[in-house]
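Undergrad: One file: coords-v3.tsv (TSV, C-alpha atoms).
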chain	number	residue	atom	x	y	z
A	1	MET	CA	0.00	0.00	0.00
A	2	ARG	CA	1.44	3.27	-1.16
A	3	SER	CA	1.51	5.97	1.47
A	4	ALA	CA	0.23	9.45	0.68
A	5	PRO	CA	2.94	12.00	-0.17
A	6	VAL	CA	4.01	14.10	2.75
A	7	LEU	CA	3.95	17.85	2.25
A	8	ASP	CA	7.38	19.47	2.30
A	9	THR	CA	7.04	22.00	5.11
A	10	ASP	CA	10.50	23.46	4.49
A	11	LYS	CA	9.46	24.88	1.13
A	12	THR	CA	7.34	27.98	1.35
A	13	SER	CA	4.79	28.78	-1.24
A	14	ASN	CA	5.39	31.79	-3.50
A	15	PHE	CA	1.77	32.83	-3.29
A	16	GLY	CA	2.00	34.25	0.22
A	17	ALA	CA	5.40	35.96	-0.13
A	18	PRO	CA	5.22	39.74	0.34
A	19	ALA	CA	6.16	41.87	-2.60
A	20	GLU	CA	9.52	43.57	-2.45
A	21	ALA	CA	9.18	47.10	-1.12
A	22	THR	CA	9.87	49.55	-3.87
A	23	ASP	CA	9.17	53.23	-4.14
A	24	PRO	CA	6.29	53.86	-6.52
A	25	PRO	CA	6.99	56.23	-9.40
A	26	ILE	CA	4.43	58.67	-8.00
A	27	GLY	CA	6.35	59.00	-4.72
A	28	ILE	CA	9.65	59.61	-6.52
A	29	ALA	CA	8.04	62.20	-8.79
A	30	ARG	CA	6.51	63.95	-5.78
A	31	ARG	CA	9.90	64.18	-4.04
A	32	VAL	CA	11.57	65.46	-7.20
A	33	CYS	CA	8.86	68.11	-7.65
A	34	ALA	CA	9.16	69.17	-4.01
A	35	PHE	CA	12.95	69.49	-4.38
A	36	LEU	CA	12.63	71.55	-7.56
A	37	LEU	CA	9.99	73.81	-6.01
A	38	ARG	CA	12.20	74.40	-2.98
A	39	GLU	CA	15.17	75.24	-5.20
A	40	LEU	CA	13.08	77.61	-7.33
A	41	ARG	CA	11.66	79.29	-4.23
A	42	GLU	CA	15.19	79.95	-2.92
A	43	MET	CA	16.36	81.15	-6.34
A	44	LEU	CA	13.43	83.47	-6.95
A	45	PRO	CA	14.25	86.44	-4.62
A	46	PRO	CA	17.86	87.04	-5.80
A	47	THR	CA	16.89	86.36	-9.43
A	48	VAL	CA	14.04	88.90	-9.39
A	49	PHE	CA	16.16	91.46	-7.52
A	50	PHE	CA	19.10	91.21	-9.92
A	51	PHE	CA	16.80	91.02	-12.93
A	52	ILE	CA	15.43	94.45	-11.97
A	53	GLY	CA	18.89	95.76	-11.00
A	54	PHE	CA	20.65	94.65	-14.18
A	55	ASN	CA	17.92	96.01	-16.43
A	56	LEU	CA	18.11	99.36	-14.59
A	57	ILE	CA	21.86	99.37	-15.26
A	58	VAL	CA	21.24	98.65	-18.97
A	59	LEU	CA	18.59	101.37	-19.15
A	60	THR	CA	20.67	104.04	-17.42
A	61	THR	CA	23.71	103.14	-19.55
A	62	ASN	CA	21.66	103.56	-22.72
A	63	LEU	CA	20.35	106.91	-21.47
A	64	LEU	CA	23.84	108.16	-20.63
A	65	VAL	CA	25.18	107.36	-24.10
A	66	ALA	CA	22.00	108.76	-25.74
A	67	ASN	CA	20.98	105.32	-27.00
A	68	TYR	CA	17.28	105.49	-26.18
A	69	GLY	CA	16.28	102.33	-27.99
A	70	ALA	CA	16.26	99.43	-25.56
A	71	SER	CA	17.63	96.45	-27.46
A	72	PHE	CA	16.22	92.97	-26.96
A	73	GLY	CA	19.75	91.56	-26.81
A	74	SER	CA	20.64	93.72	-23.80
A	75	PHE	CA	17.42	92.65	-22.08
A	76	MET	CA	18.28	88.98	-22.64
A	77	LEU	CA	21.84	89.47	-21.39
A	78	ALA	CA	20.51	91.09	-18.20
A	79	THR	CA	18.03	88.25	-17.75
A	80	GLY	CA	20.73	85.63	-18.25
A	81	ALA	CA	23.03	87.41	-15.80
A	82	ALA	CA	20.22	87.49	-13.21
A	83	LEU	CA	19.73	83.72	-13.61
A	84	VAL	CA	23.48	83.15	-13.17
A	85	VAL	CA	23.49	85.24	-9.99
A	86	GLY	CA	20.41	83.46	-8.64
A	87	LYS	CA	22.03	80.06	-9.18
A	88	ALA	CA	25.30	81.31	-7.67
A	89	VAL	CA	23.45	82.44	-4.53
A	90	LEU	CA	21.75	79.04	-4.33
A	91	VAL	CA	25.11	77.23	-4.56
A	92	ALA	CA	26.74	79.55	-2.02
A	93	ASN	CA	23.90	79.08	0.48
A	94	ALA	CA	24.57	75.32	0.45
A	95	THR	CA	28.10	75.83	1.82
A	96	ARG	CA	28.78	75.84	5.56
A	97	SER	CA	31.19	78.80	5.46
A	98	ILE	CA	28.44	81.22	4.38
A	99	ARG	CA	27.13	81.22	8.00
A	100	ARG	CA	30.52	81.97	9.50
A	101	TYR	CA	29.60	85.41	10.90
A	102	ASP	CA	25.96	84.82	11.83
A	103	ARG	CA	26.65	85.69	15.48
A	104	ALA	CA	28.84	88.71	14.69
A	105	PRO	CA	27.66	92.34	14.37
A	106	LEU	CA	25.36	92.77	11.39
A	107	ILE	CA	27.89	94.61	9.22
A	108	ARG	CA	30.24	91.61	9.18
A	109	PRO	CA	27.83	89.00	7.71
A	110	ILE	CA	26.58	91.59	5.22
A	111	LEU	CA	30.09	92.37	3.94
A	112	PHE	CA	31.23	88.74	4.10
A	113	LYS	CA	28.22	87.35	2.24
A	114	ALA	CA	28.31	90.14	-0.36
A	115	ALA	CA	32.01	89.44	-1.02
A	116	PHE	CA	31.40	85.66	-0.99
A	117	TYR	CA	28.54	85.88	-3.48
A	118	TRP	CA	30.54	88.36	-5.58
A	119	ALA	CA	33.44	85.89	-5.82
A	120	ILE	CA	31.10	83.05	-6.79
A	121	VAL	CA	29.55	85.20	-9.54
A	122	PHE	CA	33.04	86.27	-10.70
A	123	VAL	CA	34.06	82.64	-11.20
A	124	ALA	CA	30.70	81.78	-12.80
A	125	ARG	CA	31.03	84.63	-15.31
A	126	LEU	CA	34.56	83.56	-16.24
A	127	LEU	CA	33.32	79.98	-16.72
A	128	GLU	CA	30.49	81.30	-18.88
A	129	HIS	CA	32.99	83.11	-21.15
A	130	TRP	CA	35.21	80.03	-21.23
A	131	ILE	CA	32.33	77.75	-22.27
A	132	ARG	CA	31.22	80.17	-24.99
A	133	PHE	CA	34.83	80.56	-26.20
A	134	TRP	CA	35.35	76.79	-26.40
A	135	LEU	CA	31.98	75.19	-27.25
A	136	ILE	CA	30.13	77.93	-29.14
A	137	GLU	CA	32.91	79.81	-30.94
A	138	HIS	CA	35.01	76.59	-31.32
A	139	HIS	CA	38.37	78.12	-30.41
A	140	PRO	CA	41.21	75.91	-29.13
A	141	LEU	CA	41.41	75.67	-25.35
A	142	GLY	CA	45.06	76.69	-25.31
A	143	THR	CA	44.26	80.12	-26.73
A	144	PHE	CA	41.78	81.11	-24.02
A	145	LEU	CA	44.29	82.71	-21.62
A	146	PRO	CA	46.06	84.73	-24.35
A	147	TYR	CA	42.64	85.86	-25.56
A	148	MET	CA	41.64	86.92	-22.02
A	149	VAL	CA	44.85	88.91	-21.61
A	150	ALA	CA	44.95	90.59	-25.02
A	151	MET	CA	41.44	90.80	-26.47
A	152	PHE	CA	38.95	90.52	-23.59
A	153	ASP	CA	36.97	93.65	-22.63
A	154	TRP	CA	38.13	93.88	-19.03
A	155	HIS	CA	36.81	97.43	-18.54
A	156	ARG	CA	33.23	96.34	-19.14
A	157	PHE	CA	33.69	93.12	-17.13
A	158	ILE	CA	35.08	94.98	-14.08
A	159	ALA	CA	32.38	97.70	-14.32
A	160	ILE	CA	29.68	95.01	-14.23
A	161	GLN	CA	31.40	93.28	-11.30
A	162	LEU	CA	31.45	96.57	-9.36
A	163	TRP	CA	27.72	97.01	-9.91
A	164	ILE	CA	27.15	93.39	-8.89
A	165	PHE	CA	28.96	94.02	-5.60
A	166	VAL	CA	26.85	97.14	-4.90
A	167	LEU	CA	23.67	95.21	-5.66
A	168	PHE	CA	24.81	92.37	-3.40
A	169	LEU	CA	25.37	94.86	-0.56
A	170	ILE	CA	21.80	96.11	-0.95
A	171	TYR	CA	20.38	92.60	-1.28
A	172	GLU	CA	22.26	91.26	1.76
A	173	THR	CA	21.33	94.27	3.91
A	174	VAL	CA	17.64	93.68	3.19
A	175	THR	CA	18.01	89.91	3.68
A	176	GLU	CA	19.79	90.23	7.03
A	177	LEU	CA	17.21	92.73	8.28
A	178	ASN	CA	14.45	90.34	7.21
A	179	HIS	CA	16.13	87.52	9.19
A	180	LEU	CA	16.62	89.87	12.15
A	181	PHE	CA	12.95	90.85	12.39
A	182	GLY	CA	11.69	87.38	11.46
A	183	GLU	CA	10.77	85.86	8.11
A	184	GLY	CA	8.20	88.11	6.45
A	185	GLU	CA	8.16	90.71	9.23
A	186	LEU	CA	10.10	93.26	7.19
A	187	TRP	CA	7.36	93.13	4.55
A	188	HIS	CA	4.75	93.76	7.23
A	189	LEU	CA	6.78	96.68	8.58
A	190	LEU	CA	7.00	98.27	5.15
A	191	VAL	CA	3.52	97.78	3.70
A	192	THR	CA	1.02	97.07	6.51
A	193	SER	CA	-0.50	99.41	9.07
A	194	ARG	CA	-0.32	98.76	12.79
A	195	PRO	CA	-3.76	98.50	14.46
A	196	SER	CA	-4.81	101.69	16.25
A	197	GLU	CA	-5.90	99.69	19.31
A	198	LEU	CA	-2.27	98.90	20.16
A	199	SER	CA	-0.67	101.42	22.49
A	200	LEU	CA	2.71	101.76	20.71
A	201	ASN	CA	3.57	102.47	17.11
A	202	ARG	CA	6.19	100.38	15.30
A	203	ARG	CA	9.19	102.56	16.20
A	204	GLN	CA	8.22	102.66	19.88
A	205	ARG	CA	7.65	98.90	19.92
A	206	ILE	CA	11.07	98.20	18.39
A	207	LEU	CA	12.71	100.49	20.98
A	208	GLU	CA	10.96	98.59	23.77
A	209	LEU	CA	12.11	95.27	22.30
A	210	VAL	CA	15.68	96.58	22.21
A	211	ARG	CA	15.35	97.56	25.88
A	212	LEU	CA	14.01	94.08	26.64
A	213	SER	CA	16.97	92.46	24.85
A	214	LYS	CA	19.48	94.56	26.81
A	215	LEU	CA	17.65	93.78	30.05
A	216	ALA	CA	17.77	90.04	29.31
A	217	ASP	CA	21.52	90.26	28.62
A	218	ALA	CA	22.17	92.06	31.93
A	219	HIS	CA	20.12	89.91	34.33
A	220	SER	CA	19.52	86.24	35.07
A	221	ILE	CA	16.24	84.34	35.05
A	222	GLU	CA	16.27	84.15	38.86
A	223	GLU	CA	16.25	87.97	39.07
A	224	PHE	CA	13.26	88.14	36.71
A	225	ARG	CA	11.36	85.61	38.81
A	226	ASP	CA	11.88	87.55	42.05
A	227	PRO	CA	9.15	90.22	42.33
A	228	THR	CA	11.30	92.30	44.70
A	229	THR	CA	14.11	92.97	42.19
A	230	ILE	CA	14.46	95.98	39.89
A	231	ALA	CA	14.88	93.63	36.91
A	232	HIS	CA	11.43	92.13	37.53
A	233	THR	CA	9.87	95.59	37.80
A	234	GLN	CA	11.52	96.75	34.58
A	235	LEU	CA	10.45	93.56	32.78
A	236	VAL	CA	6.82	93.98	33.80
A	237	ASP	CA	6.95	97.65	32.81
A	238	ILE	CA	8.26	96.83	29.30
A	239	VAL	CA	5.74	94.03	28.76
A	240	ARG	CA	2.89	96.30	29.92
A	241	ARG	CA	3.86	98.95	27.37
A	242	ILE	CA	4.27	96.42	24.54
A	243	ALA	CA	0.99	94.62	25.24
A	244	GLY	CA	-2.13	95.96	23.59
A	245	SER	CA	-5.42	96.80	25.20
A	246	PRO	CA	-7.66	93.86	26.24
A	247	ASN	CA	-10.07	94.56	23.38
A	248	ALA	CA	-7.34	94.74	20.72
A	249	SER	CA	-7.73	92.32	17.85
A	250	PRO	CA	-4.82	89.94	17.18
A	251	ARG	CA	-2.40	90.91	14.49
What would you get if you wrote out this structure as structure tokens?

TA:
Amino acid sequence: MRSAPVLDTDKTSNFGAPAEATDPPIGIARRVCAFLLRELREMLPPTVFFFIGFNLIVLTTNLLVANYGASFGSFMLATGAALVVGKAVLVANATRSIRRYDRAPLIRPILFKAAFYWAIVFVARLLEHWIRFWLIEHHPLGTFLPYMVAMFDWHRFIAIQLWIFVLFLIYETVTELNHLFGEGELWHLLVTSRPSELSLNRRQRILELVRLSKLADAHSIEEFRDPTTIAHTQLVDIVRRIAGSPNASPR
């Protein structure tokens, strides 16, 4: 009598095996789109700023030399230069050394970042000329340095670099002030009105916040907790002046 075949319990069936975990194409596309949107959002402020600045330089230059017709080529050059600067700022922001003077007085990070960005743009513009010289105009690579020394328009290149440095100083001053007040607060300070229910205007409120910062630097938390100290009295006095009336609507 033949016995029934015994099931092989060591072999597992393929039907119940879980599928290998793989990222669906939709998830990868979503991450790529989020990365690109973040990069574009960081590139947008410097690109728009330098787009306006470079086109103002082109316009004023044309007016000074009595060339009142704005050429499309100059507009495209200014737009391309703004895109180069925006990308250079994006690359520089990814480096750790750009935040070297974040705790220093405000003039030091402004000057350092303006000079840092200026150097990045200087190298990027030289690379742009090198690529055009080699790939577009099809000159030999060995003749690039002699061409730069003898034939390149250094006067125009240096004049544009000087304007780029001035524009970077303006851009970094506004950026550092925006970081100082808080992201978006500088826009509110410039274009929105302070509610009339609040007891202090913007200048008075900033002065009180400066007083509060100096008071916090000069005293410890134990002094602020003790109601008998002068530090506690001054703290309550500053907060009372900053706070709005009970019926004031939130900002």

Undergrad: Sorted by chain and rising residue number, list the residues of segment 58-119 of chain A at most 10 Å from segment 125-143 of chain A (counting only C-alpha atoms), each with its closest atom pair and distance in Å to one decimal, as JSON lines.

TA:
{"residue": "A:Ala81", "atom": "CA", "partner": "A:Arg125", "partner_atom": "CA", "distance": 8.5}
{"residue": "A:Val84", "atom": "CA", "partner": "A:Arg125", "partner_atom": "CA", "distance": 8.0}
{"residue": "A:Val85", "atom": "CA", "partner": "A:Arg125", "partner_atom": "CA", "distance": 9.2}
{"residue": "A:Ala119", "atom": "CA", "partner": "A:Arg125", "partner_atom": "CA", "distance": 9.9}

Undergrad: List as a PyMOL selection string the protein and nucleic acid residues near segment 159-166 of chain A, meaning an atom at most 8 Å away when all atoms listed in the file are counted, but skip any in the same chain fewer than 4 places from it.

TA: chain A and resi 114-115+118+122+155+170

Undergrad: Quick one, how far is atom CA of Val58 of chain A from atom CA of Pro45 of chain A?

TA: 20.1 Å

Undergrad: How far is it from atom CA of Asn55 of chain A to atom CA of Phe75 of chain A, in Å with one decimal?

TA: 6.6 Å

Undergrad: Hey, what's within 9 Å of Leu212 of chain A if we count all atoms listed in the file and toss same-chain stuff fewer than 5 positions away? As a list in words, please?

TA: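 So, after excluding close chain neighbours, the residues are Leu207, Asp217, Gln234, Leu235, Ile238 and Val239 of chain A.
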
Undergrad: Please indicate the distance in Å from atom CA of Ala78 of chain A to atom CA of Phe50 of chain A, rounded to one decimal place.

TA: 8.4 Å

Undergrad: Of the candidates A:Leu167, A:Asp153, A:Asn62, A:Pro105, which one gets nearest to Phe49 of chain A if we count all atoms listed in the file?

TA: A:Leu167

Undergrad: When you count all atoms listed in the file, which of these residues is closest to Val210 of chain A: A:Ile242, A:Leu106, A:Val89, A:Val48?

TA: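 Answer, going by the shortest atom-to-atom distance: A:Ile242.
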